[in-house]
>>> print(open('entry17.cif').read())   # mmCIF, C-alpha atoms
data_entry
#
loop_
_atom_site.label_atom_id
_atom_site.label_comp_id
_atom_site.auth_asym_id
_atom_site.auth_seq_id
_atom_site.Cartn_x
_atom_site.Cartn_y
_atom_site.Cartn_z
CA MET Y 1 -46.23 61.42 -1.72
CA ARG Y 2 -44.37 64.23 0.05
CA ARG Y 3 -42.21 66.55 -2.01
CA SER Y 4 -39.04 68.16 -0.77
CA LEU Y 5 -38.94 71.97 -0.68
CA GLU Y 6 -36.00 71.92 -3.06
CA HIS Y 7 -38.33 70.97 -5.93
CA ASP Y 8 -39.58 74.18 -7.58
CA THR Y 9 -41.97 72.56 -10.07
CA PRO Y 10 -45.41 71.90 -8.55
CA TYR Y 11 -46.26 68.22 -8.32
CA HIS Y 12 -49.51 67.07 -9.94
CA PRO Y 13 -50.89 64.27 -7.74
CA PRO Y 14 -53.06 61.42 -8.98
CA PHE Y 15 -56.72 61.71 -8.07
CA SER Y 16 -56.54 58.92 -5.47
CA GLU Y 17 -53.79 60.78 -3.62
CA LEU Y 18 -55.84 63.99 -3.68
CA VAL Y 19 -58.76 62.13 -2.09
CA ARG Y 20 -56.57 60.63 0.62
CA VAL Y 21 -54.84 63.89 1.57
CA CYS Y 22 -58.07 65.93 1.52
CA ALA Y 23 -59.69 63.38 3.84
CA ARG Y 24 -56.74 63.77 6.21
CA ILE Y 25 -57.08 67.56 6.15
CA GLY Y 26 -60.83 67.30 6.77
CA PHE Y 27 -60.34 65.28 9.95
CA LEU Y 28 -57.52 67.52 11.23
CA SER Y 29 -58.97 70.95 10.39
CA PHE Y 30 -59.41 72.26 13.93
CA GLY Y 31 -58.69 75.78 15.09
CA GLY Y 32 -60.95 77.89 12.90
CA PRO Y 33 -59.99 79.54 9.59
CA ALA Y 34 -56.48 80.56 10.69
CA GLY Y 35 -55.59 77.04 11.78
CA GLN Y 36 -57.20 75.46 8.74
CA ILE Y 37 -55.43 77.76 6.28
CA ALA Y 38 -52.12 77.09 8.04
CA LEU Y 39 -52.74 73.33 7.92
CA MET Y 40 -53.44 73.38 4.17
CA HIS Y 41 -50.39 75.53 3.56
CA ARG Y 42 -48.16 73.07 5.40
CA GLU Y 43 -49.68 69.99 3.76
CA LEU Y 44 -50.17 71.23 0.20
CA VAL Y 45 -47.54 73.94 -0.31
CA ASP Y 46 -44.64 73.23 2.04
CA GLU Y 47 -44.63 69.45 2.13
CA ARG Y 48 -46.26 68.26 -1.09
CA ARG Y 49 -45.70 71.24 -3.45
CA TRP Y 50 -49.06 70.75 -5.15
CA VAL Y 51 -49.46 74.51 -5.62
CA SER Y 52 -46.86 77.25 -5.40
CA GLU Y 53 -46.67 79.83 -2.64
CA ALA Y 54 -47.78 82.58 -5.04
CA GLN Y 55 -50.74 80.54 -6.30
CA TYR Y 56 -51.82 79.74 -2.76
CA LEU Y 57 -51.73 83.38 -1.64
CA HIS Y 58 -53.51 84.61 -4.77
CA ALA Y 59 -56.25 82.03 -4.25
CA LEU Y 60 -56.58 82.91 -0.56
CA ASN Y 61 -57.02 86.61 -1.36
CA PHE Y 62 -59.57 85.68 -4.01
CA CYS Y 63 -61.55 83.58 -1.51
CA HIS Y 64 -61.63 86.55 0.88
CA LEU Y 65 -63.59 88.41 -1.81
CA LEU Y 66 -66.35 85.79 -1.70
CA PRO Y 67 -69.12 85.19 0.84
CA GLY Y 68 -68.79 82.01 2.82
CA PRO Y 69 -66.01 80.13 4.67
CA GLU Y 70 -62.75 81.09 2.97
CA ALA Y 71 -60.83 77.99 4.13
CA GLN Y 72 -63.36 75.60 2.58
CA GLN Y 73 -63.41 77.62 -0.62
CA LEU Y 74 -59.62 77.60 -0.74
CA ALA Y 75 -59.64 73.81 -0.43
CA THR Y 76 -62.22 73.63 -3.24
CA TRP Y 77 -60.10 75.86 -5.48
CA ILE Y 78 -56.99 73.74 -4.92
CA GLY Y 79 -58.94 70.60 -5.85
CA TRP Y 80 -60.29 72.39 -8.95
CA LYS Y 81 -56.80 73.54 -9.90
CA LEU Y 82 -55.44 69.99 -9.71
CA HIS Y 83 -58.32 67.88 -11.07
CA GLY Y 84 -61.03 70.17 -12.39
CA VAL Y 85 -64.61 69.98 -11.14
CA ARG Y 86 -64.32 66.50 -9.64
CA GLY Y 87 -61.20 67.57 -7.75
CA GLY Y 88 -62.98 70.65 -6.43
CA LEU Y 89 -65.96 68.56 -5.32
CA VAL Y 90 -63.78 66.06 -3.49
CA ALA Y 91 -61.62 68.67 -1.78
CA GLY Y 92 -64.57 70.86 -0.79
CA LEU Y 93 -66.79 68.01 0.42
CA LEU Y 94 -64.07 66.26 2.41
CA PHE Y 95 -63.28 69.55 4.12
CA VAL Y 96 -66.89 69.74 5.35
CA LEU Y 97 -68.16 66.16 5.85
CA PRO Y 98 -66.13 65.05 8.91
CA GLY Y 99 -67.16 68.10 10.91
CA ALA Y 100 -70.75 67.89 9.64
CA LEU Y 101 -71.12 64.31 10.83
CA VAL Y 102 -69.62 65.12 14.23
CA ILE Y 103 -71.82 68.21 14.70
CA LEU Y 104 -74.90 66.18 13.71
CA ALA Y 105 -74.11 63.51 16.31
CA LEU Y 106 -73.47 66.15 18.99
CA SER Y 107 -76.67 68.01 18.06
CA MET Y 108 -78.68 64.80 18.48
CA LEU Y 109 -77.07 64.21 21.88
CA TYR Y 110 -77.65 67.82 22.91
CA ALA Y 111 -81.34 67.81 21.96
CA SER Y 112 -81.99 64.63 23.92
CA ALA Y 113 -79.82 65.39 26.98
CA ALA Y 114 -80.10 69.18 27.37
CA LYS Y 115 -82.47 68.83 30.33
CA LEU Y 116 -80.07 66.66 32.32
CA GLY Y 117 -78.34 68.49 35.15
CA TRP Y 118 -74.82 67.28 34.39
CA PHE Y 119 -75.21 68.17 30.71
CA ALA Y 120 -76.35 71.71 31.52
CA ALA Y 121 -73.42 72.13 33.93
CA LEU Y 122 -70.97 70.93 31.29
CA PHE Y 123 -72.23 73.47 28.78
CA LEU Y 124 -72.23 76.26 31.33
CA GLY Y 125 -68.43 76.03 31.21
CA ILE Y 126 -68.38 75.84 27.42
CA LYS Y 127 -70.60 78.92 27.08
CA ALA Y 128 -68.35 80.89 29.41
CA ALA Y 129 -65.26 79.85 27.44
CA VAL Y 130 -66.91 80.94 24.19
CA LEU Y 131 -67.07 84.50 25.54
CA ALA Y 132 -63.28 84.56 25.85
CA VAL Y 133 -62.85 82.89 22.45
CA VAL Y 134 -64.97 85.53 20.69
CA VAL Y 135 -63.06 88.35 22.40
CA GLN Y 136 -59.80 86.74 21.28
CA ALA Y 137 -61.09 86.60 17.70
CA LEU Y 138 -62.08 90.27 17.94
CA LEU Y 139 -58.61 91.33 19.09
CA ARG Y 140 -56.82 89.24 16.47
CA ILE Y 141 -58.90 90.51 13.56
CA ALA Y 142 -58.80 94.11 14.78
CA GLY Y 143 -55.03 94.01 15.09
CA ARG Y 144 -54.68 92.73 11.55
CA ALA Y 145 -57.42 94.71 9.81
CA LEU Y 146 -57.53 98.18 11.40
CA ASN Y 147 -54.27 99.70 10.15
CA THR Y 148 -55.65 103.13 9.18
CA ARG Y 149 -57.86 105.70 10.92
CA PHE Y 150 -60.53 105.33 8.25
CA LYS Y 151 -60.75 101.58 8.89
CA LYS Y 152 -61.02 102.14 12.64
CA ALA Y 153 -63.84 104.64 12.05
CA LEU Y 154 -65.68 102.15 9.84
CA SER Y 155 -65.50 99.48 12.54
CA VAL Y 156 -66.91 101.86 15.15
CA VAL Y 157 -69.73 102.94 12.83
CA ALA Y 158 -70.58 99.29 12.10
CA PHE Y 159 -70.72 98.47 15.82
CA VAL Y 160 -72.99 101.44 16.61
CA ALA Y 161 -75.24 100.69 13.61
CA LEU Y 162 -75.78 97.11 14.79
CA PHE Y 163 -75.70 97.34 18.58
CA VAL Y 164 -77.40 100.69 19.12
CA PHE Y 165 -79.59 101.27 16.06
CA ASP Y 166 -80.34 97.61 15.23
CA LEU Y 167 -79.78 98.08 11.49
CA PRO Y 168 -79.96 94.94 9.32
CA PHE Y 169 -76.67 93.05 9.15
CA PRO Y 170 -76.62 92.75 5.32
CA LEU Y 171 -77.15 96.52 5.01
CA VAL Y 172 -74.19 97.24 7.30
CA VAL Y 173 -71.63 94.89 5.73
CA LEU Y 174 -72.63 95.43 2.11
CA GLY Y 175 -72.86 99.18 2.71
CA ALA Y 176 -69.32 99.14 4.08
CA GLY Y 177 -68.18 97.26 0.99
CA ALA Y 178 -69.78 99.81 -1.30
CA ILE Y 179 -68.13 102.66 0.62
CA GLY Y 180 -64.77 100.91 0.31
CA MET Y 181 -65.15 100.50 -3.44
CA ALA Y 182 -65.85 104.22 -3.79
CA VAL Y 183 -62.99 105.26 -1.49
CA ALA Y 184 -60.55 102.99 -3.33
CA ARG Y 185 -60.98 105.12 -6.45
CA VAL Y 186 -60.20 108.47 -4.82
CA ARG Y 187 -58.23 107.83 -1.61
CA PRO Y 188 -56.73 104.32 -1.69
CA ASP Y 189 -54.32 105.34 1.10
CA TRP Y 190 -57.28 105.48 3.52
CA LEU Y 191 -57.57 101.72 3.01
CA ALA Y 192 -53.80 101.05 2.82
CA LEU Y 193 -54.18 99.64 -0.69
CA LYS Y 194 -51.03 98.86 -2.64
CA ASP Y 195 -50.63 99.07 -6.40
CA LYS Y 196 -50.28 95.52 -7.73
CA GLY Y 197 -49.68 96.58 -11.30
CA PRO Y 198 -51.75 95.71 -14.36
CA ALA Y 199 -53.72 92.49 -14.41
CA PRO Y 200 -52.19 89.64 -16.41
CA ALA Y 201 -53.71 88.91 -19.78
CA ILE Y 202 -56.28 86.11 -19.83
CA GLN Y 203 -56.39 83.80 -22.78
CA GLY Y 204 -59.96 84.24 -23.91
CA ARG Y 205 -62.89 84.96 -21.63
CA PRO Y 206 -64.34 81.91 -19.83
CA TRP Y 207 -67.86 83.36 -19.80
CA ARG Y 208 -69.45 80.11 -20.91
CA THR Y 209 -67.78 78.08 -18.16
CA SER Y 210 -68.82 80.60 -15.53
CA ALA Y 211 -72.40 80.78 -16.82
CA LYS Y 212 -72.75 76.99 -16.80
CA ALA Y 213 -71.44 76.83 -13.25
CA VAL Y 214 -73.90 79.50 -12.06
CA LEU Y 215 -76.86 77.75 -13.70
CA ALA Y 216 -75.91 74.25 -12.55
CA TRP Y 217 -75.05 75.14 -8.98
CA GLY Y 218 -77.92 77.59 -8.69
CA ALA Y 219 -80.26 74.68 -9.52
CA ILE Y 220 -78.45 72.37 -7.06
CA TRP Y 221 -78.72 75.05 -4.37
CA ALA Y 222 -82.45 75.56 -4.96
CA LEU Y 223 -83.52 71.91 -5.46
CA PRO Y 224 -84.12 70.91 -1.81
CA LEU Y 225 -85.90 74.20 -1.15
CA ALA Y 226 -88.23 73.54 -4.08
CA LEU Y 227 -88.98 70.05 -2.74
CA VAL Y 228 -89.74 71.42 0.73
CA PHE Y 229 -92.02 74.10 -0.72
CA VAL Y 230 -93.99 71.63 -2.84
CA TRP Y 231 -94.22 68.95 -0.14
CA LEU Y 232 -94.60 70.96 3.08
CA GLY Y 233 -95.46 74.53 2.04
CA SER Y 234 -94.02 77.90 2.98
CA ASP Y 235 -95.29 77.79 6.58
CA HIS Y 236 -93.19 74.77 7.56
CA VAL Y 237 -90.08 75.27 9.68
CA LEU Y 238 -87.90 73.52 7.06
CA TRP Y 239 -88.85 76.14 4.47
CA ARG Y 240 -88.08 78.98 6.86
CA VAL Y 241 -84.78 77.36 7.82
CA GLY Y 242 -83.79 76.84 4.18
CA VAL Y 243 -84.66 80.38 3.12
CA PHE Y 244 -82.95 81.99 6.12
CA PHE Y 245 -79.68 80.12 5.70
CA SER Y 246 -79.73 80.60 1.93
CA GLN Y 247 -79.88 84.34 2.51
CA LEU Y 248 -77.14 84.02 5.11
CA ALA Y 249 -74.88 82.24 2.61
CA VAL Y 250 -74.91 85.32 0.35
CA VAL Y 251 -73.83 87.82 3.01
CA THR Y 252 -71.26 85.85 5.06
CA PHE Y 253 -68.29 88.03 4.10
CA GLY Y 254 -65.32 88.17 6.44
CA GLY Y 255 -65.53 84.67 7.91
CA ALA Y 256 -67.90 82.92 10.27
CA TYR Y 257 -67.57 85.34 13.20
CA SER Y 258 -68.78 88.19 11.03
CA VAL Y 259 -72.20 86.61 10.58
CA LEU Y 260 -72.67 84.91 13.95
CA ALA Y 261 -74.17 87.99 15.60
CA TYR Y 262 -76.76 88.38 12.87
CA MET Y 263 -77.56 84.66 12.80
CA ALA Y 264 -77.74 84.37 16.58
CA GLN Y 265 -80.00 87.35 17.05
CA GLU Y 266 -82.33 86.34 14.20
CA ALA Y 267 -82.50 82.69 15.28
CA VAL Y 268 -83.12 83.65 18.92
CA GLN Y 269 -85.14 86.86 18.78
CA SER Y 270 -87.00 86.68 15.46
CA HIS Y 271 -87.51 82.95 14.81
CA HIS Y 272 -87.33 81.70 18.42
CA TRP Y 273 -85.64 78.48 17.31
CA LEU Y 274 -83.35 78.38 20.37
CA SER Y 275 -82.20 80.49 23.31
CA ALA Y 276 -79.13 82.70 23.54
CA GLY Y 277 -77.49 80.20 25.88
CA GLU Y 278 -78.14 77.36 23.44
CA MET Y 279 -76.65 79.46 20.66
CA ALA Y 280 -73.47 79.82 22.71
CA ASP Y 281 -73.51 76.04 23.31
CA GLY Y 282 -73.65 75.48 19.56
CA LEU Y 283 -70.72 77.78 18.98
CA GLY Y 284 -68.77 75.86 21.60
CA LEU Y 285 -69.50 72.60 19.79
CA ALA Y 286 -68.39 74.05 16.47
CA GLU Y 287 -65.17 75.35 18.05
CA THR Y 288 -64.20 71.86 19.22
CA THR Y 289 -64.90 69.92 16.03
CA PRO Y 290 -63.10 69.80 12.67
CA GLY Y 291 -64.33 71.81 9.71
CA PRO Y 292 -65.54 75.40 9.22
CA LEU Y 293 -66.87 77.26 12.26
CA ILE Y 294 -69.96 78.15 10.21
CA MET Y 295 -71.03 74.52 10.81
CA VAL Y 296 -72.76 75.94 13.89
CA THR Y 297 -75.60 76.67 11.45
CA GLN Y 298 -76.27 72.92 11.32
CA PHE Y 299 -76.80 72.87 15.09
CA VAL Y 300 -79.37 75.67 14.75
CA GLY Y 301 -81.12 73.91 11.87
CA TYR Y 302 -81.32 70.67 13.84
CA LEU Y 303 -82.86 72.26 16.95
CA ALA Y 304 -85.31 74.37 14.92
CA ALA Y 305 -86.73 71.33 13.11
CA PHE Y 306 -86.47 69.04 16.17
CA ARG Y 307 -88.79 71.37 18.09
CA ALA Y 308 -91.41 71.67 15.32
CA PRO Y 309 -91.22 68.18 13.79
CA ALA Y 310 -94.66 67.54 12.25
CA PRO Y 311 -95.24 65.52 10.12
CA PHE Y 312 -92.00 63.73 11.10
CA THR Y 313 -90.64 62.41 14.36
CA PRO Y 314 -88.42 64.92 16.19
CA MET Y 315 -85.19 63.08 15.32
CA VAL Y 316 -86.06 62.70 11.63
CA ALA Y 317 -87.11 66.35 11.44
CA GLY Y 318 -83.88 67.39 13.16
CA ILE Y 319 -81.75 65.40 10.72
CA LEU Y 320 -83.63 66.91 7.78
CA GLY Y 321 -83.17 70.40 9.24
CA ALA Y 322 -79.46 69.83 9.77
CA GLY Y 323 -79.02 68.39 6.28
CA LEU Y 324 -80.94 71.20 4.61
CA THR Y 325 -78.99 73.84 6.53
CA THR Y 326 -75.66 72.31 5.53
CA TRP Y 327 -76.77 72.04 1.90
CA VAL Y 328 -77.84 75.66 1.49
CA THR Y 329 -74.79 76.87 3.44
CA PHE Y 330 -72.16 75.12 1.32
CA ALA Y 331 -73.73 74.67 -2.15
CA PRO Y 332 -73.16 78.42 -2.80
CA CYS Y 333 -69.46 77.95 -1.98
CA PHE Y 334 -69.07 75.56 -4.91
CA LEU Y 335 -71.02 77.98 -7.13
CA TRP Y 336 -68.65 80.86 -6.34
CA ILE Y 337 -65.49 78.80 -6.88
CA PHE Y 338 -66.51 77.01 -10.08
CA ALA Y 339 -67.92 80.23 -11.55
CA PHE Y 340 -65.09 82.61 -10.66
CA ALA Y 341 -61.95 80.47 -10.35
CA PRO Y 342 -61.03 81.01 -14.04
CA TRP Y 343 -60.88 84.76 -13.30
CA ILE Y 344 -58.75 84.54 -10.17
CA GLU Y 345 -55.64 86.27 -11.47
CA ARG Y 346 -57.59 89.19 -12.92
CA LEU Y 347 -59.66 89.72 -9.76
CA GLU Y 348 -56.48 89.77 -7.67
CA HIS Y 349 -55.48 93.02 -9.42
CA ALA Y 350 -58.89 94.75 -9.27
CA ARG Y 351 -58.31 97.74 -6.95
CA THR Y 352 -62.00 98.58 -6.60
CA LEU Y 353 -62.85 95.08 -5.39
CA SER Y 354 -59.85 95.09 -3.07
CA GLY Y 355 -61.08 98.38 -1.58
CA GLY Y 356 -64.54 96.94 -1.02
CA LEU Y 357 -63.08 93.89 0.71
CA SER Y 358 -60.78 96.00 2.89
CA ALA Y 359 -63.65 98.20 4.09
CA LEU Y 360 -65.88 95.20 4.60
CA THR Y 361 -63.24 93.51 6.74
CA SER Y 362 -63.02 96.67 8.85
CA ALA Y 363 -66.79 96.62 9.38
CA VAL Y 364 -66.51 92.97 10.41
CA VAL Y 365 -64.52 94.08 13.47
CA GLY Y 366 -67.56 96.10 14.56
CA VAL Y 367 -69.79 93.11 13.82
CA ILE Y 368 -67.71 90.85 16.05
CA ALA Y 369 -67.67 93.49 18.80
CA ASN Y 370 -71.46 93.47 18.62
CA LEU Y 371 -71.44 89.68 18.92
CA SER Y 372 -69.08 89.85 21.91
CA VAL Y 373 -71.25 92.25 23.90
CA TRP Y 374 -74.50 90.49 22.97
CA PHE Y 375 -73.20 87.05 23.96
CA THR Y 376 -71.71 88.38 27.19
CA LEU Y 377 -74.99 89.93 28.32
CA HIS Y 378 -77.10 86.86 27.50
CA VAL Y 379 -74.71 84.31 29.00
CA LEU Y 380 -74.01 86.19 32.24
CA PHE Y 381 -77.56 87.43 32.90
CA ALA Y 382 -80.77 85.42 32.94
CA ARG Y 383 -82.77 88.54 32.05
CA VAL Y 384 -81.75 91.38 29.73
CA ASN Y 385 -84.34 94.06 29.00
CA GLU Y 386 -84.41 96.23 25.89
CA VAL Y 387 -84.92 99.98 26.26
CA ARG Y 388 -85.89 102.17 23.32
CA VAL Y 389 -84.68 105.80 23.26
CA GLY Y 390 -85.88 107.26 19.98
CA PRO Y 391 -84.30 105.24 17.16
CA ALA Y 392 -81.73 103.74 19.54
CA ARG Y 393 -82.05 100.36 21.25
CA LEU Y 394 -80.20 99.87 24.52
CA TYR Y 395 -79.75 96.74 26.64
CA ASP Y 396 -80.46 96.85 30.39
CA PRO Y 397 -79.28 93.69 32.18
CA VAL Y 398 -81.10 92.78 35.40
CA TRP Y 399 -78.20 92.57 37.84
CA SER Y 400 -80.07 90.37 40.30
CA THR Y 401 -80.07 87.65 37.61
CA LEU Y 402 -76.27 87.59 37.22
CA ASP Y 403 -74.96 84.00 37.05
CA TRP Y 404 -71.83 84.17 39.24
CA ARG Y 405 -70.69 80.73 38.05
CA ALA Y 406 -70.68 81.85 34.41
CA ALA Y 407 -68.77 85.01 35.37
CA VAL Y 408 -66.12 83.02 37.27
CA LEU Y 409 -65.73 80.55 34.41
CA ALA Y 410 -65.48 83.34 31.82
CA ILE Y 411 -62.66 84.96 33.83
CA LEU Y 412 -60.95 81.57 34.12
CA ALA Y 413 -61.22 80.97 30.37
CA ALA Y 414 -59.84 84.44 29.60
CA ALA Y 415 -56.86 83.80 31.89
CA LEU Y 416 -56.19 80.44 30.23
CA LEU Y 417 -56.35 81.97 26.75
CA PHE Y 418 -54.58 85.29 27.24
CA VAL Y 419 -52.20 84.61 30.14
CA ALA Y 420 -51.45 80.88 30.11
CA ARG Y 421 -51.88 80.81 26.30
CA LEU Y 422 -53.35 77.32 26.28
CA ASN Y 423 -54.83 75.97 23.05
CA LEU Y 424 -58.55 76.17 22.39
CA ILE Y 425 -59.35 72.52 23.06
CA ALA Y 426 -57.62 72.65 26.46
CA VAL Y 427 -59.46 75.85 27.44
CA LEU Y 428 -62.85 74.42 26.52
CA ALA Y 429 -62.12 71.15 28.34
CA ILE Y 430 -60.99 72.92 31.54
CA SER Y 431 -63.97 75.30 31.42
CA ALA Y 432 -66.39 72.41 30.92
CA ALA Y 433 -64.87 70.59 33.91
CA GLY Y 434 -65.15 73.82 35.88
CA GLY Y 435 -68.85 73.99 35.07
CA LEU Y 436 -69.35 70.49 36.48
CA ILE Y 437 -67.41 71.33 39.66
CA LEU Y 438 -69.24 74.60 40.30
CA SER Y 439 -72.61 72.93 39.75
CA VAL Y 440 -71.76 70.48 42.53
CA LEU Y 441 -70.52 73.23 44.88
CA GLY Y 442 -73.39 75.56 44.06
#
>>> encode(input="entry17.cif", output="structure tokens")
Amino acid sequence: MRRSLEHDTPYHPPFSELVRVCARIGFLSFGGPAGQIALMHRELVDERRWVSEAQYLHALNFCHLLPGPEAQQLATWIGWKLHGVRGGLVAGLLFVLPGALVILALSMLYASAAKLGWFAALFLGIKAAVLAVVVQALLRIAGRALNTRFKKALSVVAFVALFVFDLPFPLVVLGAGAIGMAVARVRPDWLALKDKGPAPAIQGRPWRTSAKAVLAWGAIWALPLALVFVWLGSDHVLWRVGVFFSQLAVVTFGGAYSVLAYMAQEAVQSHHWLSAGEMADGLGLAETTPGPLIMVTQFVGYLAAFRAPAPFTPMVAGILGAGLTTWVTFAPCFLWIFAFAPWIERLEHARTLSGGLSALTSAVVGVIANLSVWFTLHVLFARVNEVRVGPARLYDPVWSTLDWRAAVLAILAAALLFVARLNLIAVLAISAAGGLILSVLG
């Protein structure tokens, strides 16, 4: 049922209607977090009036304080607000499942067809387009987040710490958050923080509800990892995949792009689960499917298990790897929402937390810049050497290994995005077709 904007009182939908609308949103949630948040606003605030504008914005700011995909957590909170835990489960799961099923199918196709010439040519175009997409994300986030000199300095420091000194990603982003919390107390103007007034009074303290949610969802989060440990041991690839992506779920502040550099470099350089080019392919797949962009983790989990399948067949191992990755990526999202949703209005007015988030978002710009340069080097050049100068690590691309086709396609994709202003799906489709054409000509 659609509600006219002239109705001021939020409409409380029956559970069946919530299920139907959330399924619709799940299948239409293309375009990354910005597009998904806009879609939910149109469907749930403007057209159906299920939550008010103020409630929606408060919840969105709250979700930005949490690790994980903010759009999926916002959907979970809206479901919780309307129908409690079962509403949150339905809204959160339906936001993820359509994209998860599509990514799984594409991962299976990719693993079986990656050695075919036409398939490699197709993904050459997609990889080149991803370079332009990541740069676009960098410019958008920088324009929105870096509105003071202090924030700009933080982003530069974060980039240098990651790209030049190879510091651990969690240390950089959490360190930036801690600095922001300290600065918020003494110089809030450095972070452009506004006084939101005193926090509203909360009737009682829902400690028991929050504690139950943490215990229940902590157990749900850990259950498949415990089964893998008991059955296969700590040396199996499924255990390493589960532990790595569980750790990732705790530090994914600032959206999916903020963690992609860390995930890509660890998956490629430390774990050797896939190549840099394959990582770019996975990002291209996630960009073109519904659901959170962080679903690219499922692609990584599938390939990692597919290539070390014992004692399973490669396809069964890949499905288990994809399922485990998705589980440990999104189970924490439900934990955060069900544990902290009762405190949403109070957290909205916490200046210290707001300062930490603001600084962390600034550091994310440096993180994405690191991702942009790293992807560009590894997609355009077949060989990139590392040079150590004291504590610094520098990249030295071998220019004789430059892939001219990837460079041409990246320039084409940038022109389509920034000049022609085509939508993402069109850019990826044209770039993929370009990869096929250049493979024939070359």
>>> residues_around(input="entry17.cif", residues="range 356-368 of chain Y", least_positions_apart="3", cutoff="7 Å", atoms="all atoms listed in the file", output="ChimeraX atom specification")
/Y:65,138,141-142,145-146,151-152,154-156,158-159,173,176-181,191,254,257-258,261,352-353,371-372
>>> closest_residue(input="entry17.cif", among="Y:Val268, Y:Gly99, Y:Trp336, Y:Gln136", to="Val296 in chain Y", atoms="all atoms listed in the file")
Y:Gly99
>>> resolve_selection(input="entry17.cif", expression="the PyMOL selection byres ((chain Y and resi 299) around 10)", output="number ranges by chain")
Y: 100, 103-108, 110-111, 278-279, 281-283, 285-286, 294-298, 300-304, 318-319, 321-322, 325-326
>>> write_last_selection(input="entry17.cif", atoms="C-alpha atoms", output="PDB file, keeping the file's coordinate frame")
ATOM      1  CA  ALA Y 100     -70.750  67.890   9.640  1.00  0.00           C
ATOM      2  CA  ILE Y 103     -71.820  68.210  14.700  1.00  0.00           C
ATOM      3  CA  LEU Y 104     -74.900  66.180  13.710  1.00  0.00           C
ATOM      4  CA  ALA Y 105     -74.110  63.510  16.310  1.00  0.00           C
ATOM      5  CA  LEU Y 106     -73.470  66.150  18.990  1.00  0.00           C
ATOM      6  CA  SER Y 107     -76.670  68.010  18.060  1.00  0.00           C
ATOM      7  CA  MET Y 108     -78.680  64.800  18.480  1.00  0.00           C
ATOM      8  CA  TYR Y 110     -77.650  67.820  22.910  1.00  0.00           C
ATOM      9  CA  ALA Y 111     -81.340  67.810  21.960  1.00  0.00           C
ATOM     10  CA  GLU Y 278     -78.140  77.360  23.440  1.00  0.00           C
ATOM     11  CA  MET Y 279     -76.650  79.460  20.660  1.00  0.00           C
ATOM     12  CA  ASP Y 281     -73.510  76.040  23.310  1.00  0.00           C
ATOM     13  CA  GLY Y 282     -73.650  75.480  19.560  1.00  0.00           C
ATOM     14  CA  LEU Y 283     -70.720  77.780  18.980  1.00  0.00           C
ATOM     15  CA  LEU Y 285     -69.500  72.600  19.790  1.00  0.00           C
ATOM     16  CA  ALA Y 286     -68.390  74.050  16.470  1.00  0.00           C
ATOM     17  CA  ILE Y 294     -69.960  78.150  10.210  1.00  0.00           C
ATOM     18  CA  MET Y 295     -71.030  74.520  10.810  1.00  0.00           C
ATOM     19  CA  VAL Y 296     -72.760  75.940  13.890  1.00  0.00           C
ATOM     20  CA  THR Y 297     -75.600  76.670  11.450  1.00  0.00           C
ATOM     21  CA  GLN Y 298     -76.270  72.920  11.320  1.00  0.00           C
ATOM     22  CA  VAL Y 300     -79.370  75.670  14.750  1.00  0.00           C
ATOM     23  CA  GLY Y 301     -81.120  73.910  11.870  1.00  0.00           C
ATOM     24  CA  TYR Y 302     -81.320  70.670  13.840  1.00  0.00           C
ATOM     25  CA  LEU Y 303     -82.860  72.260  16.950  1.00  0.00           C
ATOM     26  CA  ALA Y 304     -85.310  74.370  14.920  1.00  0.00           C
ATOM     27  CA  GLY Y 318     -83.880  67.390  13.160  1.00  0.00           C
ATOM     28  CA  ILE Y 319     -81.750  65.400  10.720  1.00  0.00           C
ATOM     29  CA  GLY Y 321     -83.170  70.400   9.240  1.00  0.00           C
ATOM     30  CA  ALA Y 322     -79.460  69.830   9.770  1.00  0.00           C
ATOM     31  CA  THR Y 325     -78.990  73.840   6.530  1.00  0.00           C
ATOM     32  CA  THR Y 326     -75.660  72.310   5.530  1.00  0.00           C
TER      33      THR Y 326
END
>>> atom_distance(input="entry17.cif", atom1="CA of Ala276 in chain Y", atom2="CA of Val379 in chain Y")
7.2 Å
>>> closest_residue(input="entry17.cif", among="Y:Phe62, Y:Tyr56, Y:Trp118, Y:Phe163", to="Pro391 in chain Y", atoms="all atoms listed in the file")
Y:Phe163
>>> atom_distance(input="entry17.cif", atom1="CA of Ala410 in chain Y", atom2="CA of Arg383 in chain Y")
18.1 Å
>>> atom_distance(input="entry17.cif", atom1="CA of Ala211 in chain Y", atom2="CA of Leu171 in chain Y")
27.3 Å
>>> residues_near_point(input="entry17.cif", point="(-66.1, 69.2, -11.8)", cutoff="12 Å", atoms="only C-alpha atoms", output="ChimeraX atom specification")
/Y:76-77,79-92,209,212-213,216-217,334-335,337-339
>>> closest_residue(input="entry17.cif", among="Y:Val398, Y:Val134, Y:Val241, Y:Val250", to="Leu293 in chain Y", atoms="only C-alpha atoms")
Y:Val134
>>> closest_residue(input="entry17.cif", among="Y:Ala267, Y:Gly323, Y:Leu428, Y:Leu380", to="Trp399 in chain Y", atoms="only C-alpha atoms")
Y:Leu380
>>> closest_residue(input="entry17.cif", among="Y:Arg393, Y:Ser52, Y:Arg140, Y:Thr148", to="Pro188 in chain Y", atoms="all atoms listed in the file")
Y:Thr148
>>> closest_residue(input="entry17.cif", among="Y:Pro309, Y:Ala280, Y:Gly435, Y:Ala75", to="Val408 in chain Y", atoms="only C-alpha atoms")
Y:Gly435
>>> residues_around(input="entry17.cif", residues="Ala226 in chain Y", least_positions_apart="6", cutoff="10 Å", atoms="all atoms listed in the file", output="PyMOL selection string")
chain Y and resi 219+232-233+239+242
>>> write_last_selection(input="entry17.cif", atoms="C-alpha atoms", output="compact mmCIF listing (two decimals), keeping the file's coordinate frame")
# COMPACT_ATOMS: atom_id res chain seq x y z
CA ALA Y 219 -80.26 74.68 -9.52
CA LEU Y 232 -94.60 70.96 3.08
CA GLY Y 233 -95.46 74.53 2.04
CA TRP Y 239 -88.85 76.14 4.47
CA GLY Y 242 -83.79 76.84 4.18
